[in-house]
file upload17.cif (mmCIF, C-alpha atoms)
data_target
loop_
_atom_site.label_atom_id
_atom_site.label_comp_id
_atom_site.auth_asym_id
_atom_site.auth_seq_id
_atom_site.Cartn_x
_atom_site.Cartn_y
_atom_site.Cartn_z
CA MET A 1 149.74 74.95 134.36
CA VAL A 2 153.13 75.95 135.71
CA VAL A 3 153.75 79.58 136.74
CA GLY A 4 157.42 80.53 136.69
CA CYS A 5 159.91 78.92 134.33
CA GLY A 6 163.05 79.08 136.46
CA ARG A 7 165.13 76.08 137.42
CA VAL A 8 162.28 74.60 139.43
CA GLY A 9 159.35 75.51 137.18
CA SER A 10 161.03 74.33 133.98
CA ALA A 11 162.07 71.01 135.53
CA VAL A 12 158.58 70.41 136.95
CA THR A 13 157.13 71.20 133.52
CA LEU A 14 159.34 68.68 131.76
CA ARG A 15 158.72 66.03 134.36
CA LEU A 16 154.94 66.44 134.13
CA GLN A 17 155.12 66.32 130.35
CA ALA A 18 157.17 63.12 130.52
CA ALA A 19 154.45 61.67 132.74
CA GLY A 20 151.89 62.37 130.02
CA TRP A 21 150.41 65.72 131.14
CA ASP A 22 149.61 68.62 128.83
CA VAL A 23 151.50 71.51 130.38
CA ALA A 24 151.35 75.28 129.82
CA VAL A 25 154.10 77.49 131.31
CA ILE A 26 154.03 81.19 132.19
CA ASP A 27 156.99 83.44 132.77
CA GLU A 28 157.61 87.18 132.61
CA ARG A 29 160.79 86.66 130.64
CA ALA A 30 160.55 84.72 127.37
CA GLU A 31 164.23 83.71 127.47
CA THR A 32 163.50 81.42 130.42
CA PHE A 33 161.58 79.15 128.05
CA GLN A 34 164.94 78.09 126.59
CA ARG A 35 165.31 75.97 129.72
CA LEU A 36 162.57 73.70 128.36
CA GLY A 37 164.67 72.60 125.39
CA GLU A 38 163.50 71.30 122.03
CA GLY A 39 161.40 68.48 123.38
CA PHE A 40 158.74 70.66 125.01
CA THR A 41 155.45 70.50 123.12
CA GLY A 42 153.19 72.53 125.42
CA ILE A 43 152.23 76.21 125.42
CA THR A 44 154.52 78.96 126.69
CA VAL A 45 153.01 82.33 127.60
CA GLU A 46 155.06 85.43 128.33
CA GLY A 47 153.37 87.51 131.01
CA HIS A 48 152.96 88.26 134.70
CA ALA A 49 151.60 85.69 137.13
CA LEU A 50 148.72 87.95 138.23
CA ASP A 51 147.73 89.16 134.78
CA THR A 52 144.33 87.73 133.85
CA PRO A 53 144.82 87.67 130.05
CA THR A 54 148.12 85.80 130.58
CA LEU A 55 146.51 83.24 132.88
CA VAL A 56 143.58 82.78 130.49
CA GLU A 57 145.86 82.38 127.49
CA ALA A 58 147.65 79.62 129.38
CA GLY A 59 144.26 77.96 129.92
CA ILE A 60 143.78 78.46 133.66
CA ASP A 61 140.01 78.07 133.32
CA ARG A 62 140.43 74.44 132.25
CA ALA A 63 143.53 73.53 134.28
CA ASP A 64 143.42 70.41 136.46
CA ALA A 65 146.38 71.52 138.52
CA VAL A 66 148.52 74.61 138.99
CA VAL A 67 152.12 74.74 140.20
CA VAL A 68 153.24 78.22 141.28
CA ALA A 69 156.99 78.69 141.47
CA THR A 70 158.06 82.19 140.47
CA ASN A 71 160.94 83.78 142.37
CA GLY A 72 158.59 86.02 144.37
CA ASP A 73 156.97 84.54 147.48
CA ASN A 74 154.19 87.12 147.60
CA THR A 75 153.49 86.83 143.88
CA ASN A 76 153.20 83.07 144.38
CA ILE A 77 150.87 83.48 147.36
CA VAL A 78 148.53 85.80 145.45
CA CYS A 79 148.68 83.78 142.20
CA ALA A 80 147.81 80.57 144.07
CA GLN A 81 144.77 82.23 145.63
CA ILE A 82 143.57 83.42 142.23
CA ALA A 83 143.75 79.83 140.96
CA GLN A 84 141.93 78.54 144.04
CA LYS A 85 139.33 81.20 144.56
CA ARG A 86 138.56 82.62 141.15
CA TYR A 87 139.02 79.49 139.06
CA GLY A 88 138.16 76.88 141.70
CA ILE A 89 141.15 74.69 140.94
CA GLY A 90 141.46 71.98 143.58
CA CYS A 91 145.11 71.11 143.11
CA VAL A 92 147.21 74.23 143.56
CA VAL A 93 150.75 73.73 144.82
CA VAL A 94 152.83 76.78 145.65
CA ARG A 95 156.50 77.26 146.44
CA ILE A 96 157.23 79.69 149.28
CA LEU A 97 160.86 80.22 150.24
CA ASP A 98 160.16 81.95 153.57
CA PRO A 99 159.42 79.20 156.13
CA ALA A 100 157.24 81.50 158.27
CA ARG A 101 154.96 82.52 155.42
CA ALA A 102 154.90 78.95 154.08
CA ALA A 103 153.69 77.67 157.46
CA LEU A 104 151.13 80.45 157.85
CA TYR A 105 149.56 79.96 154.43
CA ALA A 106 149.60 76.17 154.89
CA GLU A 107 147.52 76.79 158.03
CA LEU A 108 145.14 78.86 155.93
CA GLY A 109 144.58 75.89 153.62
CA MET A 110 147.17 76.37 150.90
CA ARG A 111 149.37 73.51 149.71
CA THR A 112 152.73 75.13 150.26
CA VAL A 113 156.14 73.67 149.60
CA CYS A 114 159.06 75.32 151.37
CA PRO A 115 162.46 74.35 149.92
CA THR A 116 164.17 76.31 152.69
CA THR A 117 162.64 74.17 155.43
CA ALA A 118 163.47 71.05 153.41
CA ALA A 119 167.11 72.17 153.08
CA ILE A 120 167.33 72.97 156.80
CA ASP A 121 165.94 69.54 157.70
CA ILE A 122 168.15 67.64 155.30
CA LEU A 123 171.32 69.53 156.19
CA SER A 124 170.88 69.22 159.94
CA ASP A 125 169.74 65.60 159.73
CA SER A 126 172.77 64.70 157.58
CA VAL A 127 175.16 66.28 160.04
CA MET A 128 173.49 64.72 163.04
CA SER A 129 173.23 61.24 161.54
CA HIS A 130 176.88 61.45 160.45
CA THR A 131 178.12 62.41 163.90
CA ALA A 132 175.88 59.75 165.43
CA VAL A 133 177.70 57.13 163.34
CA ILE A 134 181.09 58.39 164.58
CA MET B 1 145.62 104.32 168.22
CA TYR B 2 148.65 102.20 167.28
CA ILE B 3 149.04 102.16 163.49
CA LEU B 4 151.49 100.16 161.42
CA ILE B 5 152.32 101.44 157.95
CA ALA B 6 154.07 99.26 155.37
CA GLY B 7 155.95 101.17 152.68
CA GLY B 8 157.87 104.40 153.22
CA GLY B 9 157.41 106.04 149.84
CA LYS B 10 155.63 109.37 149.36
CA VAL B 11 152.29 107.98 150.53
CA GLY B 12 153.58 106.12 153.58
CA ARG B 13 155.85 108.94 154.67
CA THR B 14 153.14 111.60 154.39
CA LEU B 15 150.58 109.42 156.18
CA THR B 16 153.07 108.87 159.00
CA HIS B 17 153.63 112.60 159.48
CA GLU B 18 149.90 113.33 159.42
CA LEU B 19 149.04 110.56 161.86
CA LEU B 20 151.81 111.61 164.25
CA LYS B 21 150.42 115.13 164.16
CA MET B 22 147.06 113.66 165.16
CA ARG B 23 148.90 112.09 168.12
CA HIS B 24 148.60 108.50 167.00
CA GLU B 25 151.41 106.08 167.66
CA VAL B 26 152.89 105.00 164.33
CA THR B 27 155.56 102.65 163.02
CA LEU B 28 156.60 102.94 159.40
CA ILE B 29 158.28 99.91 157.83
CA GLU B 30 160.55 100.46 154.83
CA GLN B 31 162.38 97.73 152.95
CA SER B 32 165.01 99.72 151.07
CA ALA B 33 168.06 100.52 153.22
CA THR B 34 168.73 103.79 151.39
CA ARG B 35 165.22 105.08 151.82
CA TYR B 36 165.07 103.83 155.41
CA ARG B 37 168.15 105.89 156.35
CA LEU B 38 166.52 109.05 155.05
CA LEU B 39 163.26 108.27 156.86
CA GLU B 40 165.12 107.49 160.07
CA GLU B 41 166.77 110.91 160.00
CA GLU B 42 163.40 112.65 160.10
CA LEU B 43 161.27 110.11 161.97
CA GLU B 44 163.86 108.46 164.25
CA HIS B 45 162.51 105.30 165.95
CA VAL B 46 159.16 105.60 164.14
CA ALA B 47 160.89 104.33 160.99
CA GLN B 48 161.89 100.67 160.98
CA HIS B 49 163.91 98.79 158.40
CA GLY B 50 162.66 95.50 156.97
CA ASP B 51 160.34 93.55 154.70
CA ALA B 52 156.82 94.08 156.02
CA THR B 53 155.70 90.73 154.63
CA GLU B 54 158.09 88.96 157.00
CA LEU B 55 156.47 87.85 160.21
CA MET B 56 159.60 88.58 162.25
CA VAL B 57 159.69 92.16 161.03
CA LEU B 58 156.01 92.67 161.78
CA GLU B 59 156.43 91.25 165.26
CA ARG B 60 159.47 93.43 165.94
CA CYS B 61 157.25 96.38 165.03
CA GLY B 62 154.58 95.28 167.47
CA ILE B 63 151.88 94.08 165.08
CA GLN B 64 150.25 92.16 167.95
CA ARG B 65 148.99 95.41 169.44
CA ALA B 66 148.32 97.26 166.16
CA GLU B 67 144.75 98.44 165.73
CA LEU B 68 145.18 99.42 162.10
CA VAL B 69 147.57 98.25 159.39
CA VAL B 70 148.02 100.35 156.27
CA ALA B 71 149.78 98.69 153.31
CA VAL B 72 151.01 101.31 150.86
CA THR B 73 154.09 99.77 149.24
CA GLY B 74 154.53 100.08 145.49
CA ASP B 75 153.88 96.36 145.06
CA ASP B 76 150.32 95.03 145.00
CA GLU B 77 151.26 91.47 145.97
CA ASP B 78 153.15 92.78 149.00
CA ASN B 79 150.20 94.95 150.02
CA ILE B 80 147.84 91.97 149.76
CA VAL B 81 150.12 89.72 151.82
CA VAL B 82 150.72 92.38 154.49
CA CYS B 83 146.96 92.77 154.94
CA GLN B 84 146.24 89.03 154.90
CA VAL B 85 148.97 88.26 157.42
CA ALA B 86 147.86 91.14 159.66
CA ARG B 87 144.25 90.04 159.65
CA GLU B 88 144.45 86.24 159.47
CA HIS B 89 147.50 85.66 161.65
CA TYR B 90 147.58 88.57 164.05
CA GLY B 91 143.87 89.34 164.23
CA VAL B 92 144.23 93.00 163.23
CA GLU B 93 140.66 94.04 162.54
CA ARG B 94 141.24 97.05 160.37
CA VAL B 95 143.44 97.07 157.27
CA ILE B 96 143.70 99.56 154.43
CA ALA B 97 145.53 98.74 151.21
CA ARG B 98 146.81 100.72 148.29
CA VAL B 99 146.22 99.36 144.81
CA ASN B 100 149.02 100.40 142.44
CA ASP B 101 147.82 98.79 139.23
CA PRO B 102 144.07 99.34 138.72
CA ARG B 103 143.90 95.97 136.95
CA ASN B 104 144.63 94.38 140.32
CA HIS B 105 141.71 96.06 142.09
CA ASP B 106 139.43 93.05 141.68
CA LEU B 107 142.12 90.83 143.23
CA PHE B 108 141.89 92.85 146.43
CA ASP B 109 138.12 92.35 146.32
CA LEU B 110 138.47 88.64 145.54
CA LEU B 111 140.73 88.18 148.56
CA GLY B 112 138.54 90.32 150.80
CA ILE B 113 141.09 93.10 151.32
CA SER B 114 138.94 96.11 152.03
CA PRO B 115 139.00 99.04 151.90
CA SER B 116 141.49 99.37 149.09
CA VAL B 117 142.38 102.61 147.38
CA CYS B 118 143.64 103.10 143.85
CA ALA B 119 144.93 106.55 142.89
CA THR B 120 144.65 105.91 139.15
CA THR B 121 141.02 104.84 139.47
CA SER B 122 140.21 107.86 141.64
CA ILE B 123 141.81 110.28 139.19
CA MET B 124 139.99 108.55 136.32
CA ARG B 125 136.69 109.14 138.14
CA LEU B 126 137.50 112.82 138.61
CA ILE B 127 138.29 113.09 134.91
CA GLU B 128 134.99 111.41 134.03
CA HIS B 129 133.27 113.86 136.35
CA GLU B 130 134.67 116.68 134.20
CA LEU B 131 133.69 115.08 130.92
CA PRO B 132 130.16 115.89 129.79
CA ASP B 133 129.57 112.71 127.78
CA HIS B 134 129.54 110.33 130.74
CA GLU B 135 125.97 109.96 131.94
CA LEU B 136 126.70 108.15 135.18
CA VAL B 137 129.88 108.74 137.14
CA PRO B 138 130.73 106.82 140.31
CA LEU B 139 131.95 109.38 142.86
CA LEU B 140 132.44 107.23 145.93
CA GLU B 141 132.32 103.53 146.41
CA LEU B 142 131.82 101.93 149.82
CA ARG B 143 132.88 98.48 148.74
CA ARG B 144 132.42 96.70 152.01
CA GLU B 145 128.95 98.14 152.52
CA GLY B 146 127.97 97.55 148.89
CA LEU B 147 126.97 101.17 148.32
CA GLU B 148 127.87 103.67 145.68
CA VAL B 149 127.40 107.41 145.38
CA VAL B 150 126.99 108.38 141.73
CA GLU B 151 126.41 111.48 139.70
CA VAL B 152 124.03 111.34 136.77
CA GLN B 153 123.97 113.95 134.02
CA LEU B 154 120.44 114.39 132.73
CA GLY B 155 120.02 115.07 129.03
CA ASP B 156 118.00 117.92 127.54
CA ASP B 157 115.30 115.50 126.46
CA VAL B 158 114.18 114.27 129.90
CA ALA B 159 110.89 115.49 131.32
CA GLN B 160 110.74 118.00 134.16
CA ARG B 161 109.27 116.23 137.20
CA GLN B 162 109.29 115.92 140.96
CA VAL B 163 111.66 113.47 142.63
CA SER B 164 108.65 111.50 143.93
CA GLU B 165 107.52 110.92 140.34
CA ILE B 166 110.75 109.23 139.29
CA PRO B 167 110.38 105.43 139.35
CA LEU B 168 113.65 104.81 141.22
CA PRO B 169 114.64 101.19 141.79
CA GLU B 170 114.37 99.79 145.33
CA GLY B 171 117.74 100.46 146.94
CA ALA B 172 118.42 103.83 145.31
CA ARG B 173 117.74 107.39 146.54
CA LEU B 174 118.46 110.82 145.19
CA ILE B 175 120.68 112.94 147.40
CA ALA B 176 120.93 116.29 145.67
CA VAL B 177 120.17 118.14 142.45
CA LEU B 178 122.93 120.35 141.02
CA ARG B 179 122.16 123.18 138.64
CA ALA B 180 124.24 126.18 137.55
CA GLY B 181 126.79 125.79 140.33
CA ALA B 182 124.17 125.55 143.08
CA SER B 183 122.77 122.49 144.82
CA ASP B 184 119.48 121.45 146.39
CA ILE B 185 119.20 118.56 148.82
CA ALA B 186 116.68 116.27 147.19
CA GLY B 187 113.32 115.75 148.88
CA PRO B 188 110.20 114.19 147.39
CA GLU B 189 109.06 117.56 146.09
CA THR B 190 112.35 118.75 144.64
CA ILE B 191 112.02 119.48 140.91
CA VAL B 192 114.39 117.81 138.51
CA ARG B 193 114.88 119.58 135.18
CA PRO B 194 116.50 118.71 131.85
CA GLY B 195 120.26 119.32 131.98
CA ASP B 196 120.50 118.93 135.79
CA GLN B 197 123.15 116.85 137.48
CA VAL B 198 121.75 114.52 140.09
CA LEU B 199 123.60 112.87 142.97
CA ALA B 200 122.25 109.53 144.05
CA ILE B 201 123.17 106.75 146.42
CA ALA B 202 122.49 103.18 145.33
CA ARG B 203 123.29 99.61 146.23
CA SER B 204 126.05 98.24 143.99
CA GLY B 205 124.71 96.76 140.78
CA LEU B 206 121.76 99.15 140.53
CA GLU B 207 123.60 101.64 138.30
CA ASP B 208 121.81 100.64 135.11
CA ALA B 209 118.37 100.58 136.70
CA LEU B 210 119.05 104.00 138.22
CA ARG B 211 120.24 105.39 134.92
CA ARG B 212 117.10 104.09 133.16
CA ALA B 213 114.83 105.59 135.82
CA LEU B 214 116.45 109.00 135.52
CA LEU B 215 117.07 109.23 131.82
CA THR B 216 113.90 107.78 130.31
#

call {"tool": "encode", "arguments": {"input": "upload17.cif", "output": "structure tokens"}}
result
Amino acid sequence: MVVGCGRVGSAVTLRLQAAGWDVAVIDERAETFQRLGEGFTGITVEGHALDTPTLVEAGIDRADAVVVATNGDNTNIVCAQIAQKRYGIGCVVVRILDPARAALYAELGMRTVCPTTAAIDILSDSVMSHTAVI
Amino acid sequence: MYILIAGGGKVGRTLTHELLKMRHEVTLIEQSATRYRLLEEELEHVAQHGDATELMVLERCGIQRAELVVAVTGDDEDNIVVCQVAREHYGVERVIARVNDPRNHDLFDLLGISPSVCATTSIMRLIEHELPDHELVPLLELRREGLEVVEVQLGDDVAQRQVSEIPLPEGARLIAVLRAGASDIAGPETIVRPGDQVLAIARSGLEDALRRALLT
């Protein structure tokens, strides 16, 4: 199950489908599902990430893994905990843009991915390795 | 006491004024720049601008020495995160959260955010209290303690009897009997009559057993 069908969520969805997974996607705005293109064969559910009927319609109670990547850090944090604590899903991966919150919730046992930290690392490493060569 | 309040809307602003009057030290954090400017005019340094779910903002506002954090923004996810961060990361022992959407109330319970207060739910309870066709109305819920104070409307068909004769479930007690605008504190010998309203305290989950004991 993928929560959030933005640039990241839609691309993750398509990649998982290509790898043979059955994927359901949730987003508040139905027009975001256009990002999935014609080839997407899974379920799309329009609704909020914390709304129980939406999550159930997307099949959260039988999900093997949940990817949470809406554009709201706090929505993602709460949604991930619902998947972990209420539905007992072992593999919950959550995107958190704020490095401080990402680190804190990782400490609390959440599998967080922070694109901001990744960008900071890559950008500074690229500059430093480039100047090192010169 | 040093109290941190997240969310400078009507609730947060009023709480701040009341707590200042009670001579507590308060910081009110507001995210919107427009609203912050208005708050700053009346509260000066007590109002701070920023996102209360950001650790840097919380630290600037002195969360390390806060004894109570109150999360009353209009966003339930933000309120949950403020409370979790305060408790888990900064060791704040007491948090209070506002629930905006009653459908989210069980999320606060699931994540152990307690006490949490939902205005819609409270108003709903008051309405039920006014409606005659609800037999059992929850008046006050102490979620953390697992206790509930309820009001039960007895029908005209129940037998008149003493409180001691009612087979109440273990974990439930009668508090008072209300009749014609007057009230009696319930003792073992207090008489309960058809049509009375009865206040009881019970452990959570005993509502049905209590109802059966009183109404049959």

call {"tool": "residues_around", "arguments": {"input": "upload17.cif", "residues": "Ile80 of chain B", "least_positions_apart": "6", "cutoff": "8 Å", "atoms": "only C-alpha atoms", "output": "NGL selection string"}}
result
(:A and (78)) or (:B and (71 or 97 or 108 or 113))

call {"tool": "resolve_selection", "arguments": {"input": "upload17.cif", "expression": "the PyMOL selection byres ((chain A) within 10 of (chain B))", "output": "PyMOL selection string"}}
result
chain A and resi 50-52+72-79+81-82+85-86+98-101+104-105+107-108

call {"tool": "atom_distance", "arguments": {"input": "upload17.cif", "atom1": "atom CA of Val137 of chain B", "atom2": "atom CA of Val152 of chain B"}}
result
6.4 Å

call {"tool": "closest_atom_pairs", "arguments": {"input": "upload17.cif", "of": "segment 57-122 of chain B", "to": "segment 29-36 of chain B", "cutoff": "10 Å", "atoms": "all atoms listed in the file", "output": "Markdown table"}}
result
| residue | atom | partner | partner_atom | distance |
| --- | --- | --- | --- | --- |
| B:Val57 | CA | B:Ile29 | CA | 8.5 |
| B:Leu58 | CA | B:Ile29 | CA | 8.6 |
| B:Cys61 | CA | B:Ile29 | CA | 8.1 |
| B:Ala71 | CA | B:Ile29 | CA | 9.7 |
| B:Thr73 | CA | B:Glu30 | CA | 8.6 |

call {"tool": "resolve_selection", "arguments": {"input": "upload17.cif", "expression": "the PyMOL selection byres ((chain A and resi 71) around 12)", "output": "JSON, numbers by chain"}}
result
{"A": [3, 4, 5, 6, 7, 8, 9, 27, 28, 48, 49, 68, 69, 70, 72, 73, 74, 75, 76, 77, 94, 95, 96, 97, 98]}

call {"tool": "resolve_selection", "arguments": {"input": "upload17.cif", "expression": "the PyMOL selection byres ((chain B and resi 187-200) around 10)", "output": "number ranges by chain"}}
result
B: 135-139, 148-166, 172-180, 183-186, 201-202, 207, 210, 214-215

call {"tool": "atom_distance", "arguments": {"input": "upload17.cif", "atom1": "atom CA of Thr13 of chain A", "atom2": "atom CA of Arg35 of chain A"}}
result
10.2 Å

call {"tool": "atom_distance", "arguments": {"input": "upload17.cif", "atom1": "atom CA of Gly146 of chain B", "atom2": "atom CA of Val69 of chain B"}}
result
22.2 Å

call {"tool": "axis_aligned_box", "arguments": {"input": "upload17.cif", "around": "segment 75-85 of chain A", "padding_each_side": "8 Å", "output": "AutoDock Vina command-line options"}}
result
--center_x 146.4 --center_y 82.7 --center_z 144.2 --size_x 30.2 --size_y 24.3 --size_z 22.4

call {"tool": "residues_around", "arguments": {"input": "upload17.cif", "residues": "segment 14-22 of chain B", "least_positions_apart": "2", "cutoff": "10 Å", "atoms": "all atoms listed in the file", "output": "ChimeraX atom specification"}}
result
/B:1-5,8-12,24-28,42-43,46-47,70,72

call {"tool": "closest_residue", "arguments": {"input": "upload17.cif", "among": "A:Leu14, A:Ala119, A:Arg62, A:Ile26", "to": "Thr41 of chain A", "atoms": "all atoms listed in the file"}}
result
A:Leu14

call {"tool": "residues_near_point", "arguments": {"input": "upload17.cif", "point": "(150.6, 74.4, 129.9)", "cutoff": "8 Å", "atoms": "only C-alpha atoms", "output": "JSON, numbers by chain"}}
result
{"A": [1, 2, 22, 23, 24, 25, 26, 42, 43, 44, 58, 59]}

call {"tool": "closest_residue", "arguments": {"input": "upload17.cif", "among": "A:Val45, A:Leu16, A:Ala83, A:Ala11", "to": "Arg29 of chain A", "atoms": "all atoms listed in the file"}}
result
A:Val45
